[in-house]
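Asker: This is the structure I want to talk about, given as structure tokens.
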Amino acid sequence: MGFLDSEFTDGNIVVAKAEDLLNWARLSSLWQVSFGLACCAIEMMATSASHYDFDRFGVIPRPSPRQADIIIISGTVTLKMATRIKRLYEQMPDPKYIISMGSCSNCGGPYWEHGYHVLKGVDRVIPVDVYVPGCPPRPEALLEGLLKLQEKIRNESMIKKSA
Amino acid sequence: MAIKTEEMVLNMGPQHPSTHGVLRLELVLEGEIIINVIPHIGYLHRCFEKHCEVMTYPQIVPYTDRMDYLAPMGNEFGYAIAMEKLLGLQIPERVEYIRVIMAELQRISSHLVALGTYGADIGAFTPFLYCFRDREKILSLFEITCGARLLYNYIWIGGLSHDLHPDFVRKTREFIKEFRPNLKEVNDLLSHNRIFIDRTANVGILPIDTAINYGVTGPNLRASGIKWDVRKEDPYSIYHKFDYEIPVGEGTYGTVGDSWDRYYVRVLEMEESCKIIEQALEQIPEGDVQSAIPKRIKPPVGHVYARVENPRGDLGYFIISDGSTSPYRVKVRAPSFVSMQILNELCKGYMVADVVTILGSIDIVLGEIDR
Amino acid sequence: MKNAEEILQILKENFPESNLELKTDQPTEAVLIAASLEIDKLSLFLRDSSELLFDSLMNLSGVDELKESLLSVYYHLESTSLKHKITIKVSTDRNKPEIPTVSEVWKAADWHEREAYDLFGIIFLNHPDLRRILMPYDWDAGYPLRKDYENPEFYQGMKVPY
């Protein structure tokens, strides 16, 4: 039940909990850091293009991490790149969310066994909120991952720390 | 009294909206003029060559996809040709025709990404959306054939994984009919646009001798004026049966070999690919695409070097076999790896904003550089 | 356009003391085997001689031959004007691998040699800038593409194996 249902009939007054309002504002305009590493980045670009528009969910690309809310790690994370990802993560202001897109950043992907330079999962350096599986995931799968993240934000609470 | 000046080092880091992937450029500047550009690569090194030594020959095909992820059909084609040369396999004609059609469709789709992102780097966002709209049509053609949009695992050693869908020929003909006016639209928007010409003409001029000494191939070499194409010089598969031109740069708006030429050669190549696809669709015979696939691949002891014309240059595979089911050594000669070396030469003396122009016109893919 | 035997003949006439031989028993192409310390003189001649004109280096790759305890480098050369190709192989000892650079002759060799150094440990003498190119600059766990390479457990606090 959204807060628009509790509108009074005689005017322009809407009553809602402050938490719901803040969460709604946050999930409707998640600005992402344009950060693509490998093949999944091409599917991310295709998601932001006109066929599977990302913009209708409020997601626009920002070049700098200091102006962004989410970072979509799309592609293989190598040991050389992992230290730079950690630095980018620390530059983002709170509240920040991370979507790990594709097999390679979930768990190392096809390179899990013999890759000497591949980090087996980006959650070894930064905490991840949503994992999107696939190699590469279809644009519809990435949009579903975004919707799941929006679900998670909708149920967040300022008082209770979420797990 | 002269003012004391110092050189400044500016870092164009691995996360940047205009480097096509994870590339770090160290720019040594004197004011706004570039003195030196030092590229640092290796941020996407995924140990492809080590994987090849433990996987069997058919298992390597999905890994070759992921190197140049904008032209995976070309990568698989090159690997299949190298292995078929080593094994001495004869493959059915239908397989050859389908491989050529897929490779040319892939060339169009890869050039569309190159042109779309190049326009977005310069500042024109609309061609990006138009190019990706056309690319979606090609990806749906690939999807009805083998099930995947981006990384296919379709061209196997000795054949293909699936035969063509019954609707494929009709849908491809429709696509080509719709694509030609769209190409004209992109040309009107971008190629002859005054602002685009001012930003790209006479920027980053590559002379022919330097290009050959540095090993540059593909559209970058052809833009400097020399007609060098692996499909005509060292023909592989059935390219000798088709009638097509090799576009070269002519210095229409500036000097021969500048960034505008490198961009325009790609636009002309898309038109030539359309011609090849139309001819192939006319002549394609019937047959079984899986009849020549060997049950177990154990090549003789020896080595082979084979190359194909990928959208970025010529991709070479050097495979050494020791008689077992896995290769002993696979080395991939990636065209972008070799083309990156000229960045320093081309950028000297230009301003910082021109680095983005020159880098976009060379058209690199980091997955191929780092393997 | 010349084939491999004719190219060997021309090289033997111009470098009589060198130990050159052609290996033709394996598929698919013949390989010209040369001594490792002479490859820079041979390259200059191959590029500049008017009968050969090898102006383009297609590929340079390092190979680890564990059984013979050697590290080899294969050169694939091509002539864009005369349209012929040749493959050259040089080998050096595994414990002290040293090969002169050819990056003065063909600038394309520059990064290929850096990669061979990075992944195999082959030192190219007189190279303008020999440092690691694909692995991190402070990687001290060895040369990854050698057959006897073992993975380190941790790198800068991150666990490397699965």
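By order of appearance in the structure tokens: chains A, B, ..., then residues from 1 within every chain, and ligands from 1 in the order shown.
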Residues of chain B within 10 Å of chain C, counting only C-alpha atoms, what are they? List them as number ranges by chain.

Answerer: B: 39-47, 49-50, 53, 85-88, 209-217, 228, 233-234, 299-305, 307, 314-318, 320-321, 328-335, 337-342, 369-371

Asker: Excluding Arg66 (chain A) and any residue of its chain fewer than 4 positions from it, enumerate the residues within 12 Å of it, using only C-alpha atoms, and give them as a CSV table (one decimal) with N, CA, C and O atoms, in the first residue's frame.

Answerer:
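Saved as part-v1.csv:
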```csv
chain,number,residue,atom,x,y,z
A,31,TRP,N,21.4,7.1,-9.2
A,31,TRP,CA,22.4,7.5,-10.2
A,31,TRP,C,23.6,6.5,-10.2
A,31,TRP,O,24.1,6.3,-9.1
A,32,GLN,N,24.0,6.0,-11.3
A,32,GLN,CA,25.0,5.0,-11.3
A,32,GLN,C,26.4,5.6,-11.8
A,32,GLN,O,26.4,6.5,-12.6
A,33,VAL,N,27.4,5.1,-11.2
A,33,VAL,CA,28.8,5.4,-11.7
A,33,VAL,C,29.0,4.7,-13.0
A,33,VAL,O,28.8,3.5,-13.1
A,34,SER,N,29.4,5.3,-14.1
A,34,SER,CA,29.5,4.6,-15.4
A,34,SER,C,30.8,3.8,-15.2
A,34,SER,O,31.9,4.4,-15.4
A,62,ARG,N,26.6,8.8,-14.2
A,62,ARG,CA,27.4,9.9,-13.8
A,62,ARG,C,28.8,9.6,-13.9
A,62,ARG,O,29.2,8.5,-13.4
A,70,ILE,N,24.7,4.2,-7.0
A,70,ILE,CA,25.0,2.8,-7.1
A,70,ILE,C,26.2,2.6,-8.1
A,70,ILE,O,26.4,3.5,-8.9
A,71,ILE,N,26.8,1.5,-7.9
A,71,ILE,CA,27.9,1.1,-8.8
A,71,ILE,C,27.5,-0.3,-9.3
A,71,ILE,O,27.2,-1.1,-8.5
A,87,ARG,N,39.0,1.7,-3.9
A,87,ARG,CA,39.1,3.1,-3.7
A,87,ARG,C,37.9,3.9,-4.2
A,87,ARG,O,37.4,4.8,-3.6
A,88,LEU,N,37.3,3.4,-5.3
A,88,LEU,CA,36.1,4.0,-5.9
A,88,LEU,C,35.0,3.8,-4.9
A,88,LEU,O,34.2,4.7,-4.7
A,89,TYR,N,34.9,2.6,-4.3
A,89,TYR,CA,33.8,2.4,-3.4
A,89,TYR,C,33.9,3.3,-2.2
A,89,TYR,O,32.9,3.9,-1.7
A,90,GLU,N,35.1,3.6,-1.7
A,90,GLU,CA,35.3,4.4,-0.6
A,90,GLU,C,35.0,5.9,-0.9
A,90,GLU,O,34.7,6.7,-0.1
A,91,GLN,N,35.1,6.3,-2.2
A,91,GLN,CA,34.8,7.6,-2.6
A,91,GLN,C,33.3,7.9,-2.7
A,91,GLN,O,33.0,9.1,-2.8
A,92,MET,N,32.5,6.9,-2.8
A,92,MET,CA,31.1,7.1,-3.0
A,92,MET,C,30.5,7.5,-1.6
A,92,MET,O,30.8,6.9,-0.6
A,93,PRO,N,29.6,8.5,-1.6
A,93,PRO,CA,29.0,8.9,-0.3
A,93,PRO,C,27.9,8.0,0.0
A,93,PRO,O,27.2,7.4,-0.8
A,94,ASP,N,27.6,7.8,1.4
A,94,ASP,CA,26.5,7.0,1.8
A,94,ASP,C,25.1,7.7,1.5
A,94,ASP,O,25.1,8.9,1.4
A,95,PRO,N,24.0,7.0,1.3
A,95,PRO,CA,23.9,5.6,1.2
A,95,PRO,C,24.2,5.1,-0.2
A,95,PRO,O,23.9,5.7,-1.2
A,96,LYS,N,25.0,4.0,-0.3
A,96,LYS,CA,25.5,3.5,-1.5
A,96,LYS,C,25.1,2.0,-1.7
A,96,LYS,O,25.0,1.3,-0.7
```

Asker: According to DSSP computed on the backbone, where in region 114-156 of chain A is there strand (DSSP E or B)? Give the residues as a list in words.

Answerer: Val118, Val130, Tyr131 and Val132 of chain A

Asker: Generate a file of the selected residues that holds all heavy atoms, formatted as a PDB file, in the first residue's frame.

Answerer:
```pdb
ATOM      1  N   VAL A 118      42.755 -13.379 -11.589  1.00  0.00           N
ATOM      2  CA  VAL A 118      41.346 -13.013 -11.491  1.00  0.00           C
ATOM      3  C   VAL A 118      40.921 -13.109 -10.037  1.00  0.00           C
ATOM      4  O   VAL A 118      41.222 -14.091  -9.363  1.00  0.00           O
ATOM      5  CB  VAL A 118      40.495 -13.976 -12.355  1.00  0.00           C
ATOM      6  CG1 VAL A 118      39.037 -13.784 -12.099  1.00  0.00           C
ATOM      7  CG2 VAL A 118      40.799 -13.756 -13.808  1.00  0.00           C
ATOM      8  N   VAL A 130      23.129  -6.900  -4.467  1.00  0.00           N
ATOM      9  CA  VAL A 130      22.353  -7.763  -5.366  1.00  0.00           C
ATOM     10  C   VAL A 130      23.314  -8.440  -6.333  1.00  0.00           C
ATOM     11  O   VAL A 130      24.206  -7.801  -6.872  1.00  0.00           O
ATOM     12  CB  VAL A 130      21.329  -6.929  -6.164  1.00  0.00           C
ATOM     13  CG1 VAL A 130      20.616  -7.784  -7.183  1.00  0.00           C
ATOM     14  CG2 VAL A 130      20.324  -6.299  -5.237  1.00  0.00           C
ATOM     15  N   TYR A 131      23.124  -9.744  -6.532  1.00  0.00           N
ATOM     16  CA  TYR A 131      23.930 -10.473  -7.524  1.00  0.00           C
ATOM     17  C   TYR A 131      23.047 -10.789  -8.720  1.00  0.00           C
ATOM     18  O   TYR A 131      21.958 -11.321  -8.556  1.00  0.00           O
ATOM     19  CB  TYR A 131      24.412 -11.803  -6.945  1.00  0.00           C
ATOM     20  CG  TYR A 131      25.344 -11.698  -5.766  1.00  0.00           C
ATOM     21  CD1 TYR A 131      24.852 -11.574  -4.483  1.00  0.00           C
ATOM     22  CD2 TYR A 131      26.719 -11.734  -5.938  1.00  0.00           C
ATOM     23  CE1 TYR A 131      25.703 -11.489  -3.400  1.00  0.00           C
ATOM     24  CE2 TYR A 131      27.574 -11.660  -4.865  1.00  0.00           C
ATOM     25  CZ  TYR A 131      27.061 -11.531  -3.601  1.00  0.00           C
ATOM     26  OH  TYR A 131      27.910 -11.449  -2.541  1.00  0.00           O
ATOM     27  N   VAL A 132      23.531 -10.479  -9.918  1.00  0.00           N
ATOM     28  CA  VAL A 132      22.761 -10.799 -11.123  1.00  0.00           C
ATOM     29  C   VAL A 132      23.520 -11.887 -11.868  1.00  0.00           C
ATOM     30  O   VAL A 132      24.629 -11.645 -12.331  1.00  0.00           O
ATOM     31  CB  VAL A 132      22.600  -9.558 -12.020  1.00  0.00           C
ATOM     32  CG1 VAL A 132      21.821  -9.900 -13.254  1.00  0.00           C
ATOM     33  CG2 VAL A 132      21.926  -8.451 -11.262  1.00  0.00           C
TER      34      VAL A 132
END
```

Asker: Show me which bits of chain A are within 9 Å of chain C, counting only C-alpha atoms, as a compact mmCIF listing (two decimals) with N, CA, C and O atoms, in the first residue's frame.

Answerer:
```
# COMPACT_ATOMS: atom_id res chain seq x y z
N LEU A 79 43.10 -8.81 -10.06
CA LEU A 79 43.79 -8.37 -8.85
C LEU A 79 44.31 -6.95 -9.00
O LEU A 79 44.29 -6.16 -8.06
N LYS A 80 44.74 -6.61 -10.24
CA LYS A 80 45.27 -5.26 -10.46
C LYS A 80 44.18 -4.23 -10.29
O LYS A 80 44.41 -3.13 -9.84
N ALA A 82 41.36 -4.62 -8.48
CA ALA A 82 40.58 -4.71 -7.24
C ALA A 82 40.91 -3.59 -6.28
O ALA A 82 40.01 -3.04 -5.63
N THR A 83 42.17 -3.20 -6.18
CA THR A 83 42.52 -2.10 -5.27
C THR A 83 41.87 -0.81 -5.74
O THR A 83 41.44 0.02 -4.94
N CYS A 107 31.48 -14.66 -8.81
CA CYS A 107 32.28 -15.72 -8.19
C CYS A 107 33.53 -16.05 -8.97
O CYS A 107 34.14 -17.07 -8.74
N GLY A 108 33.92 -15.23 -9.94
CA GLY A 108 35.09 -15.56 -10.72
C GLY A 108 34.75 -16.07 -12.11
O GLY A 108 35.59 -16.04 -12.99
N TRP A 112 37.39 -19.35 -12.86
CA TRP A 112 37.55 -19.59 -11.43
C TRP A 112 38.66 -20.57 -11.12
O TRP A 112 39.27 -20.50 -10.05
N GLU A 113 38.94 -21.48 -12.09
CA GLU A 113 39.85 -22.55 -11.69
C GLU A 113 41.32 -22.22 -11.94
O GLU A 113 42.15 -22.44 -11.10
N HIS A 114 41.60 -21.69 -13.14
CA HIS A 114 43.00 -21.53 -13.48
C HIS A 114 43.41 -20.07 -13.65
O HIS A 114 44.47 -19.80 -14.14
N GLY A 115 42.55 -19.15 -13.29
CA GLY A 115 42.91 -17.75 -13.48
C GLY A 115 43.80 -17.28 -12.35
O GLY A 115 43.37 -17.17 -11.21
N TYR A 116 45.06 -16.99 -12.67
CA TYR A 116 45.97 -16.58 -11.61
C TYR A 116 45.85 -15.10 -11.31
O TYR A 116 46.41 -14.62 -10.35
N HIS A 117 45.17 -14.36 -12.17
CA HIS A 117 45.12 -12.92 -11.98
C HIS A 117 43.69 -12.45 -11.76
O HIS A 117 43.41 -11.26 -11.74
N VAL A 118 42.76 -13.38 -11.59
CA VAL A 118 41.35 -13.01 -11.49
C VAL A 118 40.92 -13.11 -10.04
O VAL A 118 41.22 -14.09 -9.36
N LEU A 119 40.22 -12.10 -9.55
CA LEU A 119 39.68 -12.13 -8.20
C LEU A 119 38.38 -12.91 -8.25
O LEU A 119 37.49 -12.59 -9.03
N LYS A 120 38.27 -13.94 -7.40
CA LYS A 120 37.12 -14.83 -7.52
C LYS A 120 35.91 -14.25 -6.82
O LYS A 120 35.52 -14.67 -5.75
N GLY A 121 35.35 -13.23 -7.42
CA GLY A 121 34.18 -12.60 -6.80
C GLY A 121 34.52 -11.26 -6.20
O GLY A 121 35.44 -11.15 -5.40
N ARG A 124 34.93 -10.19 -2.34
CA ARG A 124 36.11 -10.33 -1.49
C ARG A 124 36.71 -8.98 -1.15
O ARG A 124 37.57 -8.90 -0.26
N VAL A 125 36.32 -7.92 -1.87
CA VAL A 125 36.84 -6.60 -1.50
C VAL A 125 35.75 -5.63 -1.07
O VAL A 125 36.01 -4.75 -0.28
```

Asker: Give the answer as one residue: which of A:Lys148, A:His51, A:Lys86, A:Arg56 has the shortest atom-to-atom distance to chain B, using only C-alpha atoms?

Answerer: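 Among A:Lys148, A:His51, A:Lys86, A:Arg56, it is A:His51 that comes nearest to chain B.
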
Asker: Residues of chain B no more than 9 Å from chain A, counting only C-alpha atoms: send them over as a ChimeraX atom specification.

Answerer: /B:14-17,20-22,42-48,50-51,54,63,66-70,128-130,132-133,136,149-151,365-367

Asker: For Lys2 (chain C), list every protein, DNA or RNA residue within 12 Å, evaluated using only C-alpha atoms, and leave out those in the same chain fewer than 5 positions away; present the list as a list in words.

Answerer: Ile7, Leu8, Gln9, Ile10, Glu51, Leu52, Leu53, Phe54, Glu78, Ser79, Leu82, Lys83, His84, Lys85 and Ile86 of chain C
